Amino acid sequence: MRCRLKSCLKVKAIPPECDPDYILLQDELSCFKDLFKINISQADSQQPECRGLWDHLNCWPHADVGETVSQPCPRFLRTTGRVYRNCTEHGWTEPFPPHEIACEYAFETLTFPFEAPRSNGYFLYVQVMYSVGYAISTASLTIATATLCLFRRLHCTRNYVHIQLFLSFILRATFIFIRDAVLFASDDHFHCDSYPVSCKIATTFSNYCIMANYSWLLAEGHYLYSLVSVSLFSQKRHLRWYIVLGWGSPMVVIVAWSLAKYTRENEGCWERRGHEGIWWILRVPVLLFIVVNLLFFLSIIRILVAKLRTQEMHRNELNQYRRLAKSTVLLVSLFGLHYVLFAFLPHKVSEIWNFIELAFASTQGFVVAVLYCFLNGEVQYEVQRRWRRWRLKQHLPGEARCQHGSMSQSVGAHTQVSFLTRGPSTRHSSLV
């Protein structure tokens with residue numbers, strides 16, 4: 001029998017207990033042993049009309065006329081269901097219902113547990129779509145995080161909170177890539193329900209990063225709410241609590257979920273949702289984060305509308321609140337409203353809704369990086385200032401060498417000083 005090297009290597013990698021042929025062989029030997037024992041014990045008694053047999057899928061014991069015998073589906077199919085046979089005067093009837101109906105399998109197009117499933121165009125497109133989205137988000141968030149960290153003038157509590165949010169997005173995308181790589185890299189690890197511990201760890205960390213992402217979105221919502229509603233707002237003290245709750249509260253939830261998974265539903269890579277009670281351990285905190293964030297958004301809008309309508313407000317303060325209102329509408333609606341559309345939908349939704357939700361989730365990091373960093377007036381000013389300073393350093397030394405006399409050098413020096421001090425003396429403020 002000819003076989004390609006790749007196929008042969010794949011078969012050799014299958015443990016015997018996961019090979020359907022091996023399982024059927026073991027069931028066949030066990031069937032013959034049981035029937036042999038029964039035959040010895042009933043040697044002196046009358047032989048039944050329907051003798052026990054092995055039909056290459058199930059073992060059927062001895063039966064009398066009019067008796068109906070049931071057997072479970074073959075073990076290698078790993079599915080529930082039963083198959084029946086009637087014992088008649090003419091012997092056994094054909095199994096009913098057929099195996100492909102009773103066991104929910106079509107034997108003509110059967111994919112065994114160790115074999116790679118046939119590619120589904122929809123799931124392939126979805127995976128490519130959200131992989132590209134997460135890659136773009138990760139790249140843009142990495143640049144945004146580096147920008148906020150490198151420029152010292154951008155170091156403040158507001159940007160520290162932004163950096164934590166960026167990191168949560170980056171970790172979320174990274175562990176989703178790791179989870180997909182572990183789950184889909186090799187089919188030899190995922191058969192016969194013999195799943196490695198690494199895939200369970202990857203799923204756990206992926207869920208933790210998703211929870212942390214929701215938690216830091218809530219921290220951003222509370223931070224904006226505190227800026228517009230609290231007159232004396234201690235930002236440094238709140239930053240410590242943001243860090244503790246932003247990274248600590250998801251850990252508590254994930255530990256509880258992991259213990260429940262290990263004790264009640266230790267199946268597969270822990271990606272299944274068979275036990276709804278366990279799944280709600282993750283779903284309830286996420287819904288809580290979304291609802292509270294939505295309340296923050298509505299409260300911020302109410303406060304801003306009230307302040308913008310005040311006629312006694314100074315012009316500069318009015319412009320400041322207008323910028324704050326624009327930032328709030330863009331940002332809080334970004335990480336609040338679109339989640340509300342999908343938060344209360346059952347997890348078994350249509351393919352279109354699933355595609356839209358994954359498209360929003362994968363590209364959200366890119367949009368947040370653009371709004372928080374790339375379109376931030378303070379960041380743009382600082383980058384432009386550094387760029388002008390670098391260009392000045394590149395050009396002035398060459399010009400100084402070309403000129404002669406102390407007067408020319410003095411003019412060049414004064415030009416350098418005036419150029420470096422050009423621009424507003426105070427820093428621009430922006431909440432985007």
# chains A, B, ... in the order shown; residues from 1 in each chain; ligands from 1
>>> residues_around(residues="segment 34-47 of chain A", least_positions_apart="2", cutoff="10 Å", atoms="only C-alpha atoms", output="PDB file with C-alpha atoms, in the first residue's frame")
ATOM      1  CA  GLU A  28     -13.637  -6.609  18.640  1.00  0.00           C
ATOM      2  CA  LEU A  29     -11.316  -8.644  20.894  1.00  0.00           C
ATOM      3  CA  SER A  30     -13.344  -7.683  23.949  1.00  0.00           C
ATOM      4  CA  CYS A  31     -16.547  -8.706  22.151  1.00  0.00           C
ATOM      5  CA  PHE A  32     -15.207 -12.127  21.221  1.00  0.00           C
ATOM      6  CA  GLU A  49     -32.264 -17.833  17.928  1.00  0.00           C
ATOM      7  CA  CYS A  50     -30.058 -14.766  17.476  1.00  0.00           C
ATOM      8  CA  ARG A  51     -26.472 -15.517  18.322  1.00  0.00           C
ATOM      9  CA  GLY A  52     -24.124 -12.791  19.427  1.00  0.00           C
ATOM     10  CA  LEU A  53     -21.983 -11.209  16.759  1.00  0.00           C
ATOM     11  CA  TRP A  54     -19.519  -8.474  15.963  1.00  0.00           C
ATOM     12  CA  CYS A  59     -20.897  -6.062  19.787  1.00  0.00           C
ATOM     13  CA  TRP A  60     -24.344  -7.687  19.912  1.00  0.00           C
ATOM     14  CA  PRO A  61     -25.052 -10.279  22.636  1.00  0.00           C
ATOM     15  CA  HIS A  62     -27.269 -13.342  22.320  1.00  0.00           C
ATOM     16  CA  ALA A  63     -30.983 -12.574  22.112  1.00  0.00           C
ATOM     17  CA  ASP A  64     -34.294 -14.402  21.841  1.00  0.00           C
TER      18      ASP A  64
END
>>> closest_atom_pairs(of="segment 154-248 of chain A", to="segment 256-276 of chain A", cutoff="7 Å", atoms="only C-alpha atoms", output="JSON lines")
{"residue": "A:Asp193", "atom": "CA", "partner": "A:Gly268", "partner_atom": "CA", "distance": 5.9}
{"residue": "A:Tyr195", "atom": "CA", "partner": "A:Gly268", "partner_atom": "CA", "distance": 5.7}
{"residue": "A:Cys199", "atom": "CA", "partner": "A:Cys269", "partner_atom": "CA", "distance": 5.4}
{"residue": "A:Lys200", "atom": "CA", "partner": "A:Cys269", "partner_atom": "CA", "distance": 4.6}
{"residue": "A:Thr203", "atom": "CA", "partner": "A:Trp270", "partner_atom": "CA", "distance": 6.7}
>>> write_last_selection(atoms="N, CA and C atoms", output="CSV table (one decimal), in the first residue's frame")
chain,number,residue,atom,x,y,z
A,193,ASP,N,-9.5,13.5,22.6
A,193,ASP,CA,-9.6,14.3,23.8
A,193,ASP,C,-8.3,14.3,24.6
A,195,TYR,N,-5.6,16.4,25.1
A,195,TYR,CA,-5.2,17.8,24.8
A,195,TYR,C,-4.0,18.1,25.7
A,199,CYS,N,-2.2,24.1,25.7
A,199,CYS,CA,-3.3,24.8,25.1
A,199,CYS,C,-4.3,25.3,26.2
A,200,LYS,N,-4.4,24.6,27.3
A,200,LYS,CA,-5.3,25.1,28.4
A,200,LYS,C,-4.7,26.4,29.0
A,203,THR,N,-5.3,29.3,26.6
A,203,THR,CA,-6.7,29.7,26.7
A,203,THR,C,-6.9,30.5,27.9
>>> residues_around(residues="Val83 of chain A", least_positions_apart="2", cutoff="10 Å", atoms="only C-alpha atoms", output="list in words")
Asn58, Val69, Ser70, Gln71, Pro72, Cys73, Pro74, Gly81, Arg85, Glu94, Pro95, Phe96, Pro97, Pro98, His99, Ile101, Ala102 and Cys103 of chain A
>>> atom_distance(atom1="atom CA of Thr363 of chain A", atom2="atom CA of Leu375 of chain A")
16.7 Å
>>> closest_residue(among="A:Tyr225, A:Trp279, A:Phe184, A:Phe374", to="Leu124 of chain A", atoms="only C-alpha atoms")
A:Phe184
>>> atom_distance(atom1="atom CA of Leu288 of chain A", atom2="atom CA of Leu217 of chain A")
12.0 Å
>>> select_by_dssp(residues="segment 17-194 of chain A", states="strand (DSSP E or B)", output="list in words")
Cys50, Leu53, Trp54, Cys59, Trp60, Ala63, Thr68, Val69, Ser70, Gln71, Pro72, Arg82, Val83, Tyr84, Arg85, Asn86, Cys87, Thr88, Gly91, Trp92 and Phe96 of chain A
>>> closest_residue(among="A:Thr174, A:Glu382, A:Ser137, A:Val228", to="Val305 of chain A", atoms="only C-alpha atoms")
A:Val228
>>> closest_residue(among="A:Ser229, A:Glu220, A:Val383, A:Arg158", to="Arg302 of chain A", atoms="only C-alpha atoms")
A:Ser229
>>> residues_around(residues="Thr88 of chain A", least_positions_apart="2", cutoff="8 Å", atoms="only C-alpha atoms", output="ChimeraX atom specification")
/A:49-50,64-67,86,90-93
>>> residues_around(residues="Thr145 of chain A", least_positions_apart="2", cutoff="8 Å", atoms="only C-alpha atoms", output="list in words")
Leu141, Thr142, Ile143, Thr147, Leu148, Cys149, Ile163, Phe166 and Leu167 of chain A
>>> write_last_selection(atoms="N, CA, C and O atoms", output="mmCIF file, in the first residue's frame")
data_model
loop_
_atom_site.group_PDB
_atom_site.id
_atom_site.type_symbol
_atom_site.label_atom_id
_atom_site.label_comp_id
_atom_site.auth_asym_id
_atom_site.auth_seq_id
_atom_site.Cartn_x
_atom_site.Cartn_y
_atom_site.Cartn_z
ATOM 1 N N LEU A 141 -0.425 50.163 18.439
ATOM 2 C CA LEU A 141 -0.377 50.339 19.886
ATOM 3 C C LEU A 141 1.056 50.318 20.402
ATOM 4 O O LEU A 141 1.382 51.026 21.364
ATOM 5 N N THR A 142 1.903 49.510 19.797
ATOM 6 C CA THR A 142 3.313 49.484 20.198
ATOM 7 C C THR A 142 3.980 50.825 19.914
ATOM 8 O O THR A 142 4.729 51.356 20.754
ATOM 9 N N ILE A 143 3.699 51.392 18.752
ATOM 10 C CA ILE A 143 4.250 52.715 18.418
ATOM 11 C C ILE A 143 3.704 53.770 19.384
ATOM 12 O O ILE A 143 4.443 54.642 19.863
ATOM 13 N N THR A 147 5.866 55.988 22.048
ATOM 14 C CA THR A 147 5.829 57.451 21.962
ATOM 15 C C THR A 147 5.540 58.076 23.317
ATOM 16 O O THR A 147 6.218 59.024 23.743
ATOM 17 N N LEU A 148 4.560 57.550 24.020
ATOM 18 C CA LEU A 148 4.218 58.112 25.330
ATOM 19 C C LEU A 148 5.307 57.862 26.361
ATOM 20 O O LEU A 148 5.432 58.620 27.326
ATOM 21 N N CYS A 149 6.074 56.798 26.189
ATOM 22 C CA CYS A 149 7.132 56.481 27.154
ATOM 23 C C CYS A 149 8.420 57.253 26.874
ATOM 24 O O CYS A 149 9.133 57.631 27.810
ATOM 25 N N ILE A 163 -1.329 54.224 28.728
ATOM 26 C CA ILE A 163 -0.323 53.193 28.485
ATOM 27 C C ILE A 163 -0.805 51.842 29.002
ATOM 28 O O ILE A 163 -0.617 50.800 28.347
ATOM 29 N N PHE A 166 -3.217 50.553 26.540
ATOM 30 C CA PHE A 166 -2.511 50.067 25.352
ATOM 31 C C PHE A 166 -1.910 48.688 25.604
ATOM 32 O O PHE A 166 -1.991 47.791 24.759
ATOM 33 N N LEU A 167 -1.292 48.520 26.776
ATOM 34 C CA LEU A 167 -0.688 47.229 27.103
ATOM 35 C C LEU A 167 -1.726 46.121 27.174
ATOM 36 O O LEU A 167 -1.464 44.986 26.764
#
>>> select_by_dssp(residues="segment 34-132 of chain A", states="alpha helix (DSSP H)", output="list in words")
Asp34, Leu35, Phe36, Lys37, Ile38, Asn39, Ile40, Ser41, His99, Glu100, Ile101, Ala102, Gly121, Tyr122, Phe123, Leu124, Tyr125, Val126, Gln127, Val128, Met129, Tyr130, Ser131 and Val132 of chain A
>>> write_last_selection(atoms="N, CA, C and O atoms", output="tab-separated table (two decimals), in the first residue's frame")
chain	number	residue	atom	x	y	z
A	34	ASP	N	-16.13	-11.79	25.48
A	34	ASP	CA	-17.40	-11.84	26.20
A	34	ASP	C	-18.31	-12.92	25.63
A	34	ASP	O	-18.96	-13.67	26.40
A	35	LEU	N	-18.37	-13.00	24.33
A	35	LEU	CA	-19.23	-14.01	23.71
A	35	LEU	C	-18.71	-15.42	24.01
A	35	LEU	O	-19.51	-16.35	24.21
A	36	PHE	N	-17.40	-15.56	24.05
A	36	PHE	CA	-16.83	-16.87	24.36
A	36	PHE	C	-17.19	-17.30	25.78
A	36	PHE	O	-17.55	-18.46	26.04
A	37	LYS	N	-17.11	-16.37	26.71
A	37	LYS	CA	-17.48	-16.70	28.09
A	37	LYS	C	-18.95	-17.07	28.19
A	37	LYS	O	-19.33	-18.01	28.91
A	38	ILE	N	-19.79	-16.31	27.46
A	38	ILE	CA	-21.23	-16.61	27.50
A	38	ILE	C	-21.49	-17.99	26.88
A	38	ILE	O	-22.32	-18.78	27.40
A	39	ASN	N	-20.81	-18.31	25.82
A	39	ASN	CA	-21.01	-19.62	25.17
A	39	ASN	C	-20.61	-20.76	26.10
A	39	ASN	O	-21.27	-21.80	26.15
A	40	ILE	N	-19.53	-20.57	26.84
A	40	ILE	CA	-19.10	-21.62	27.77
A	40	ILE	C	-20.09	-21.78	28.91
A	40	ILE	O	-20.45	-22.90	29.31
A	41	SER	N	-20.59	-20.64	29.41
A	41	SER	CA	-21.54	-20.73	30.53
A	41	SER	C	-22.88	-21.30	30.10
A	41	SER	O	-23.61	-21.87	30.93
A	99	HIS	N	-26.37	4.26	11.64
A	99	HIS	CA	-25.33	4.90	12.44
A	99	HIS	C	-25.15	6.37	12.10
A	99	HIS	O	-24.90	7.20	12.98
A	100	GLU	N	-25.24	6.71	10.80
A	100	GLU	CA	-25.02	8.11	10.44
A	100	GLU	C	-26.09	9.03	11.01
A	100	GLU	O	-25.87	10.24	11.15
A	101	ILE	N	-27.26	8.46	11.37
A	101	ILE	CA	-28.32	9.26	11.99
A	101	ILE	C	-28.23	9.19	13.50
A	101	ILE	O	-28.27	10.21	14.20
A	102	ALA	N	-28.10	7.97	14.02
A	102	ALA	CA	-28.07	7.80	15.47
A	102	ALA	C	-26.83	8.43	16.09
A	102	ALA	O	-26.89	9.00	17.18
A	121	GLY	N	-14.60	27.69	4.50
A	121	GLY	CA	-14.25	28.99	3.96
A	121	GLY	C	-14.60	30.13	4.88
A	121	GLY	O	-13.81	31.07	5.05
A	122	TYR	N	-15.74	30.05	5.54
A	122	TYR	CA	-16.16	31.14	6.42
A	122	TYR	C	-15.19	31.31	7.58
A	122	TYR	O	-14.72	32.43	7.86
A	123	PHE	N	-14.88	30.22	8.28
A	123	PHE	CA	-13.99	30.31	9.43
A	123	PHE	C	-12.58	30.72	9.01
A	123	PHE	O	-11.88	31.41	9.76
A	124	LEU	N	-12.15	30.30	7.83
A	124	LEU	CA	-10.85	30.72	7.35
A	124	LEU	C	-10.82	32.22	7.12
A	124	LEU	O	-9.87	32.92	7.52
A	125	TYR	N	-11.85	32.77	6.49
A	125	TYR	CA	-11.92	34.21	6.26
A	125	TYR	C	-11.98	34.97	7.57
A	125	TYR	O	-11.34	36.03	7.72
A	126	VAL	N	-12.75	34.47	8.53
A	126	VAL	CA	-12.87	35.14	9.82
A	126	VAL	C	-11.52	35.17	10.53
A	126	VAL	O	-11.10	36.20	11.08
A	127	GLN	N	-10.82	34.05	10.51
A	127	GLN	CA	-9.52	33.99	11.18
A	127	GLN	C	-8.52	34.94	10.52
A	127	GLN	O	-7.76	35.64	11.20
A	128	VAL	N	-8.50	34.97	9.19
A	128	VAL	CA	-7.61	35.89	8.49
A	128	VAL	C	-7.97	37.33	8.81
A	128	VAL	O	-7.10	38.19	9.04
A	129	MET	N	-9.28	37.62	8.85
A	129	MET	CA	-9.74	38.98	9.10
A	129	MET	C	-9.29	39.46	10.48
A	129	MET	O	-8.66	40.53	10.61
A	130	TYR	N	-9.58	38.70	11.54
A	130	TYR	CA	-9.24	39.21	12.85
A	130	TYR	C	-7.74	39.11	13.11
A	130	TYR	O	-7.20	39.87	13.93
A	131	SER	N	-7.03	38.21	12.43
A	131	SER	CA	-5.57	38.18	12.58
A	131	SER	C	-4.94	39.44	12.01
A	131	SER	O	-4.04	40.03	12.62
A	132	VAL	N	-5.41	39.87	10.84
A	132	VAL	CA	-4.91	41.12	10.25
A	132	VAL	C	-5.27	42.31	11.14
A	132	VAL	O	-4.45	43.21	11.38
